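Enquirer: Okay, so here is protein.pdb, and as you'll see once you scroll down, it has PDB, C-alpha atoms.
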ATOM      1  CA  MET A   1     115.506 127.334  83.542
ATOM      2  CA  SER A   2     116.025 123.694  82.556
ATOM      3  CA  THR A   3     117.748 121.232  84.847
ATOM      4  CA  ILE A   4     118.002 117.518  85.512
ATOM      5  CA  TYR A   5     117.094 115.793  88.774
ATOM      6  CA  ILE A   6     118.995 112.633  89.724
ATOM      7  CA  MET A   7     118.018 110.197  92.493
ATOM      8  CA  GLU A   8     121.136 109.544  94.566
ATOM      9  CA  ALA A   9     119.938 107.564  97.580
ATOM     10  CA  ALA A  10     116.803 105.973  99.012
ATOM     11  CA  ASN A  11     115.396 104.552 102.219
ATOM     12  CA  LEU A  12     112.228 102.623 102.958
ATOM     13  CA  PHE A  13     110.280 102.345 106.185
ATOM     14  CA  CYS A  14     108.065  99.289 106.424
ATOM     15  CA  GLY A  15     105.660 100.340 109.124
ATOM     16  CA  ASP A  16     105.560 104.095 108.580
ATOM     17  CA  HIS A  17     107.970 106.162 110.664
ATOM     18  CA  ASP A  18     109.061 103.559 113.210
ATOM     19  CA  PRO A  19     112.843 104.158 113.337
ATOM     20  CA  THR A  20     113.434 100.427 113.792
ATOM     21  CA  ALA A  21     111.564  99.780 110.518
ATOM     22  CA  SER A  22     114.225 101.544 108.408
ATOM     23  CA  LYS A  23     115.659  99.430 105.581
ATOM     24  CA  HIS A  24     118.537 101.794 104.699
ATOM     25  CA  LEU A  25     121.185  99.124 105.304
ATOM     26  CA  THR A  26     119.569  96.433 103.134
ATOM     27  CA  LEU A  27     117.581  98.317 100.446
ATOM     28  CA  THR A  28     119.081  97.595  97.025
ATOM     29  CA  GLU A  29     116.143  98.420  94.711
ATOM     30  CA  LEU A  30     112.976 100.489  94.977
ATOM     31  CA  GLN A  31     110.428 100.811  92.209
ATOM     32  CA  LEU A  32     107.545 103.189  92.700
ATOM     33  CA  PRO A  33     104.310 102.058  91.056
ATOM     34  CA  ALA A  34     103.858 102.610  87.355
ATOM     35  CA  LEU A  35     101.245 105.226  86.539
ATOM     36  CA  GLN A  36      99.365 103.793  83.596
ATOM     37  CA  GLU A  37      95.924 104.576  82.253
ATOM     38  CA  MET A  38      93.507 101.878  81.132
ATOM     39  CA  TYR A  39      91.930 102.216  77.690
ATOM     40  CA  GLN A  40      88.954 100.695  75.933
ATOM     41  CA  ASP A  41      88.916 100.419  72.156
ATOM     42  CA  HIS A  42      85.881 101.952  70.446
ATOM     43  CA  HIS A  43      84.929 101.742  66.797
ATOM     44  CA  ALA A  44      81.799 103.819  66.195
ATOM     45  CA  GLY A  45      79.329 102.534  63.633
ATOM     46  CA  GLY A  46      79.716 105.682  61.523
ATOM     47  CA  SER A  47      83.487 105.979  61.836
ATOM     48  CA  ARG A  48      86.237 104.592  59.616
ATOM     49  CA  VAL A  49      88.866 104.782  62.346
ATOM     50  CA  GLN A  50      88.864 103.081  65.734
ATOM     51  CA  ILE A  51      89.829 105.161  68.754
ATOM     52  CA  GLU A  52      90.789 104.341  72.296
ATOM     53  CA  VAL A  53      89.066 105.955  75.264
ATOM     54  CA  ALA A  54      90.670 106.398  78.692
ATOM     55  CA  VAL A  55      88.490 104.618  81.285
ATOM     56  CA  GLY A  56      90.607 104.676  84.446
ATOM     57  CA  ILE A  57      94.014 104.025  85.941
ATOM     58  CA  GLN A  58      95.581 100.614  86.472
ATOM     59  CA  LYS A  59      96.243  99.308  89.966
ATOM     60  CA  LEU A  60      99.398 100.508  91.680
ATOM     61  CA  GLU A  61     102.100  97.905  92.398
ATOM     62  CA  PRO A  62     105.290  99.175  94.057
ATOM     63  CA  THR A  63     108.198  96.764  94.534
ATOM     64  CA  PHE A  64     111.470  96.723  96.414
ATOM     65  CA  LYS A  65     114.430  94.442  96.985
ATOM     66  CA  LEU A  66     116.406  93.891 100.182
ATOM     67  CA  ALA A  67     119.780  92.220 100.612
ATOM     68  CA  GLY A  68     119.784  89.183 102.885
ATOM     69  CA  TRP A  69     116.872  87.942 104.978
ATOM     70  CA  ASP A  70     114.354  90.083 106.897
ATOM     71  CA  PRO A  71     112.465  87.780 109.314
ATOM     72  CA  ASP A  72     110.513  90.678 110.893
ATOM     73  CA  LEU A  73     109.210  91.861 107.527
ATOM     74  CA  LEU A  74     107.990  88.348 106.706
ATOM     75  CA  THR A  75     105.392  88.656 109.483
ATOM     76  CA  ARG A  76     103.650  91.359 107.398
ATOM     77  CA  PHE A  77     103.133  88.975 104.475
ATOM     78  CA  GLY A  78      99.789  87.944 103.066
ATOM     79  CA  LEU A  79      96.564  86.712 104.537
ATOM     80  CA  GLY A  80      98.058  86.134 107.980
ATOM     81  CA  SER A  81      98.210  89.910 108.328
ATOM     82  CA  SER A  82      94.668  91.270 108.601
ATOM     83  CA  ARG A  83      95.488  94.931 108.012
ATOM     84  CA  ALA A  84      97.308  96.934 105.415
ATOM     85  CA  SER A  85     100.660  98.480 106.297
ATOM     86  CA  VAL A  86     102.060 101.901 105.551
ATOM     87  CA  PHE A  87     105.308 101.920 103.575
ATOM     88  CA  THR A  88     107.150 105.248 103.333
ATOM     89  CA  ALA A  89     109.983 105.695 100.862
ATOM     90  CA  TYR A  90     112.383 108.625 100.997
ATOM     91  CA  GLY A  91     114.794 109.660  98.303
ATOM     92  CA  VAL A  92     117.568 112.197  97.883
ATOM     93  CA  VAL A  93     117.116 113.857  94.499
ATOM     94  CA  ARG A  94     119.812 116.287  93.421
ATOM     95  CA  ASP A  95     119.352 119.202  91.050
ATOM     96  CA  LYS A  96     122.414 118.821  88.812
ATOM     97  CA  ARG A  97     122.381 122.505  87.815
ATOM     98  CA  THR A  98     122.401 123.947  91.356
ATOM     99  CA  GLY A  99     123.686 121.013  93.391
ATOM    100  CA  VAL A 100     120.745 121.355  95.801
ATOM    101  CA  ALA A 101     119.397 118.119  97.315
ATOM    102  CA  HIS A 102     115.607 117.721  97.464
ATOM    103  CA  GLU A 103     113.494 115.191  99.341
ATOM    104  CA  ALA A 104     111.294 112.840  97.366
ATOM    105  CA  LYS A 105     108.734 110.933  99.418
ATOM    106  CA  ALA A 106     106.201 108.241  98.568
ATOM    107  CA  ILE A 107     103.608 107.057 101.068
ATOM    108  CA  MET A 108     101.957 103.772 100.148
ATOM    109  CA  GLU A 109      99.311 101.892 102.083
ATOM    110  CA  GLY A 110      98.859  98.282 101.069
ATOM    111  CA  ARG A 111      99.607  94.676 101.842
ATOM    112  CA  LEU A 112     102.902  92.891 101.488
ATOM    113  CA  GLY A 113     101.643  90.505  98.811
ATOM    114  CA  LYS A 114     104.810  88.936  97.446
ATOM    115  CA  VAL A 115     108.125  87.805  98.861
ATOM    116  CA  GLU A 116     110.470  86.162  96.363
ATOM    117  CA  ALA A 117     113.858  84.818  97.382
ATOM    118  CA  ASP A 118     116.814  85.097  95.024
ATOM    119  CA  THR A 119     118.497  81.895  94.004
ATOM    120  CA  PHE A 120     121.209  81.030  96.492
ATOM    121  CA  GLN A 121     124.637  80.953  94.907
ATOM    122  CA  ARG A 122     127.731  80.430  97.008
ATOM    123  CA  GLY A 123     129.891  83.552  97.045
ATOM    124  CA  GLU A 124     126.944  85.803  96.103
ATOM    125  CA  MET A 125     124.673  87.786  98.408
ATOM    126  CA  MET A 126     121.178  86.347  98.416
ATOM    127  CA  GLY A 127     118.316  88.832  98.731
ATOM    128  CA  HIS A 128     114.546  88.964  98.533
ATOM    129  CA  GLY A 129     112.188  90.829  96.231
ATOM    130  CA  TYR A 130     108.939  92.208  97.678
ATOM    131  CA  ALA A 131     105.718  93.580  96.187
ATOM    132  CA  ILE A 132     103.125  95.780  97.825
ATOM    133  CA  ASN A 133      99.662  94.814  96.609
ATOM    134  CA  GLU A 134      96.132  95.974  97.343
ATOM    135  CA  VAL A 135      97.347  99.575  97.429
ATOM    136  CA  MET A 136      94.515 101.747  98.787
ATOM    137  CA  HIS A 137      96.403 104.999  99.337
ATOM    138  CA  TYR A 138      99.330 106.611  97.504
ATOM    139  CA  GLU A 139     101.055 109.965  97.837
ATOM    140  CA  LEU A 140     104.073 111.260  95.941
ATOM    141  CA  TRP A 141     105.887 114.368  97.210
ATOM    142  CA  PHE A 142     108.816 116.285  95.729
ATOM    143  CA  ALA A 143     110.629 119.095  97.556
ATOM    144  CA  ASP A 144     107.830 119.383 100.153
ATOM    145  CA  ARG A 145     105.147 119.705  97.448
ATOM    146  CA  GLU A 146     102.389 117.188  96.913
ATOM    147  CA  LYS A 147     102.657 116.042  93.302
ATOM    148  CA  LEU A 148     100.190 113.142  93.337
ATOM    149  CA  TYR A 149      97.593 111.986  95.865
ATOM    150  CA  TRP A 150      95.091 109.159  95.605
ATOM    151  CA  ASP A 151      92.911 107.569  98.262
ATOM    152  CA  PHE A 152      90.493 104.734  97.519
ATOM    153  CA  TYR A 153      88.148 105.394 100.435
ATOM    154  CA  SER A 154      87.707 109.135  99.855
ATOM    155  CA  THR A 155      87.997 108.639  96.047
ATOM    156  CA  ASP A 156      90.167 111.763  95.924
ATOM    157  CA  TRP A 157      92.677 112.090  93.065
ATOM    158  CA  ARG A 158      94.927 115.172  93.169
ATOM    159  CA  LEU A 159      97.749 116.356  90.916
ATOM    160  CA  ASP A 160      99.905 119.224  92.199
ATOM    161  CA  GLY A 161      97.456 119.570  95.099
ATOM    162  CA  VAL A 162      94.472 120.169  92.777
ATOM    163  CA  SER A 163      91.593 117.692  92.866
ATOM    164  CA  GLN A 164      90.975 116.081  89.491
ATOM    165  CA  ASN A 165      87.558 114.671  90.356
ATOM    166  CA  ASP A 166      85.748 117.137  92.634
ATOM    167  CA  ASP A 167      82.958 117.507  90.084
ATOM    168  CA  GLU A 168      82.435 113.756  89.922
ATOM    169  CA  ARG A 169      82.421 113.356  93.709
ATOM    170  CA  ARG A 170      80.014 116.291  94.055
ATOM    171  CA  LEU A 171      77.590 114.906  91.444
ATOM    172  CA  LEU A 172      77.673 111.449  93.031
ATOM    173  CA  ARG A 173      77.199 112.950  96.548
ATOM    174  CA  ILE A 174      80.405 111.299  97.790
ATOM    175  CA  PRO A 175      81.384 113.043 101.048
ATOM    176  CA  THR A 176      84.773 114.709 101.131
ATOM    177  CA  THR A 177      87.103 114.117 104.031
ATOM    178  CA  GLY A 178      88.695 117.556 103.960
TER     179      GLY A 178
END
Kindly present the structure from the file in structure tokens form.
Expert:
Amino acid sequence: MSTIYIMEAANLFCGDHDPTASKHLTLTELQLPALQEMYQDHHAGGSRVQIEVAVGIQKLEPTFKLAGWDPDLLTRFGLGSSRASVFTAYGVVRDKRTGVAHEAKAIMEGRLGKVEADTFQRGEMMGHGYAINEVMHYELWFADREKLYWDFYSTDWRLDGVSQNDDERRLLRIPTTG
């Protein structure tokens, strides 16, 4: 049966599940990374028509915006921070047909690579935009079901819990991590 799912609310933890890392009071925007394939144009010598061939997936770049200043989050920025951080986003997604609320969850491991202050304007709330770069791990869950999983180090890519590249990893003798 057809339905429509609407995101009603979101929260972001910068530093995994540390309750003090919750941004629920200041989060104003959250953009999960775009999923976009990369293509290479190919025009075969014996063909009249050029085609494009999928050759991979573009890097993942999630962003978010917080109202006001967040001095603690600034300490996670850039080269001064030697390790990646885990960012966990939670969303309330409501099934408009049944009224049931579902959890959406995104787990992203990367570096806080951009902090951009809004222009200060008297009488307006100034905020900051942030970008997570060098993403090495990404999971997307909906209603307790893994929808997408990617990990750079294990090279695993799963959709709906099913590996999309087991054959490739097996042929290249890349060990699986279970």
Enquirer: Exactly which residues make up the result of the PyMOL selection byres ((chain A and resi 146) around 10) on this file, given as a ChimeraX atom specification?
Expert: /A:104-106,139-145,147-149,158-162
Enquirer: Please produce a file of the residues just selected, as a PDB file, keeping the file's coordinate frame, where the atoms kept are C-alpha atoms.
Expert:
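Final output, result_8.pdb:
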ATOM      1  CA  ALA A 104     111.294 112.840  97.366  1.00  0.00           C
ATOM      2  CA  LYS A 105     108.734 110.933  99.418  1.00  0.00           C
ATOM      3  CA  ALA A 106     106.201 108.241  98.568  1.00  0.00           C
ATOM      4  CA  GLU A 139     101.055 109.965  97.837  1.00  0.00           C
ATOM      5  CA  LEU A 140     104.073 111.260  95.941  1.00  0.00           C
ATOM      6  CA  TRP A 141     105.887 114.368  97.210  1.00  0.00           C
ATOM      7  CA  PHE A 142     108.816 116.285  95.729  1.00  0.00           C
ATOM      8  CA  ALA A 143     110.629 119.095  97.556  1.00  0.00           C
ATOM      9  CA  ASP A 144     107.830 119.383 100.153  1.00  0.00           C
ATOM     10  CA  ARG A 145     105.147 119.705  97.448  1.00  0.00           C
ATOM     11  CA  LYS A 147     102.657 116.042  93.302  1.00  0.00           C
ATOM     12  CA  LEU A 148     100.190 113.142  93.337  1.00  0.00           C
ATOM     13  CA  TYR A 149      97.593 111.986  95.865  1.00  0.00           C
ATOM     14  CA  ARG A 158      94.927 115.172  93.169  1.00  0.00           C
ATOM     15  CA  LEU A 159      97.749 116.356  90.916  1.00  0.00           C
ATOM     16  CA  ASP A 160      99.905 119.224  92.199  1.00  0.00           C
ATOM     17  CA  GLY A 161      97.456 119.570  95.099  1.00  0.00           C
ATOM     18  CA  VAL A 162      94.472 120.169  92.777  1.00  0.00           C
TER      19      VAL A 162
END
Enquirer: Between A:Asn133, A:Met108, A:Ser85, A:Asp156, which residue has the minimum interatomic distance to Arg169 (chain A), considering only C-alpha atoms?
Expert: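 Selected residue with least distance to Arg169 (chain A): A:Asp156.
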Enquirer: To one decimal in Å, tell me the separation between CA of Gly68 (chain A) and CA of Glu29 (chain A).
Expert: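 It comes out at 12.9 Å.
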Enquirer: Smallest atom-to-atom distance to Ala131 (chain A): which of A:Phe13, A:Tyr5, A:Tyr39, A:Phe64, using only C-alpha atoms?
Expert: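 Smallest distance to Ala131 (chain A) is found for A:Phe64.
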Enquirer: List, as a ChimeraX atom specification, every residue that the PyMOL selection byres ((chain A and resi 67) around 9) selects in the file provided.
Expert: /A:25-28,65-66,68-70,125-129
Enquirer: Rounded to one decimal place, report the CA of Thr119 (chain A)-CA of Asn11 (chain A) distance in Å.
Expert: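 Distance reported for this atom pair: 24.3 Å.
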Enquirer: Find the distance between CA of Ser22 (chain A) and CA of Val86 (chain A) and write it in Å to one decimal.
Expert: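 Going from CA of Ser22 (chain A) over to CA of Val86 (chain A) covers 12.5 Å.
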Enquirer: If we draw a sphere of 10 Å around (87.0, 102.6, 85.2), which residues have at least one atom in it when counting all atoms listed in the file? Please report them as number ranges by chain.
Expert: A: 37-40, 54-58
Enquirer: If the PyMOL selection byres ((chain A and resi 33) around 6) were run on this exact file, what residues would it hold? Put them as a list in words.
Expert: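 That expression, the PyMOL selection byres ((chain A and resi 33) around 6), corresponds here to Leu32, Ala34, Leu60, Glu61 and Pro62 of chain A.
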Enquirer: Rank nothing, just name the residue among A:Thr63, A:Thr75, A:Asn165, A:Thr176 nearest to Tyr153 (chain A), using only C-alpha atoms.
Expert: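 Checking each of A:Thr63, A:Thr75, A:Asn165, A:Thr176 against Tyr153 (chain A), counting only C-alpha atoms, the winner is A:Thr176.
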Enquirer: For each of A:Met136, A:Ala21, A:Leu172, A:Met1, take the minimum atom-to-atom distance to Trp157 (chain A), counting only C-alpha atoms, then give the residue where this is smallest.
Expert: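 Looking at the shortest contact to Trp157 (chain A), the residue is A:Met136.
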Enquirer: Counting all atoms listed in the file, which residue out of A:Asp151, A:Glu116, A:Glu134, A:Asp167 sits closest to Lys59 (chain A)?
Expert: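 So, comparing all the options, the nearest one is A:Glu134.
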Enquirer: Give the answer as one residue: which of A:Arg97, A:Arg111, A:Arg122, A:His137 has the shortest atom-to-atom distance to Ala84 (chain A), using only C-alpha atoms?
Expert: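 Comparing A:Arg97, A:Arg111, A:Arg122, A:His137 against Ala84 (chain A), the winner is A:Arg111.
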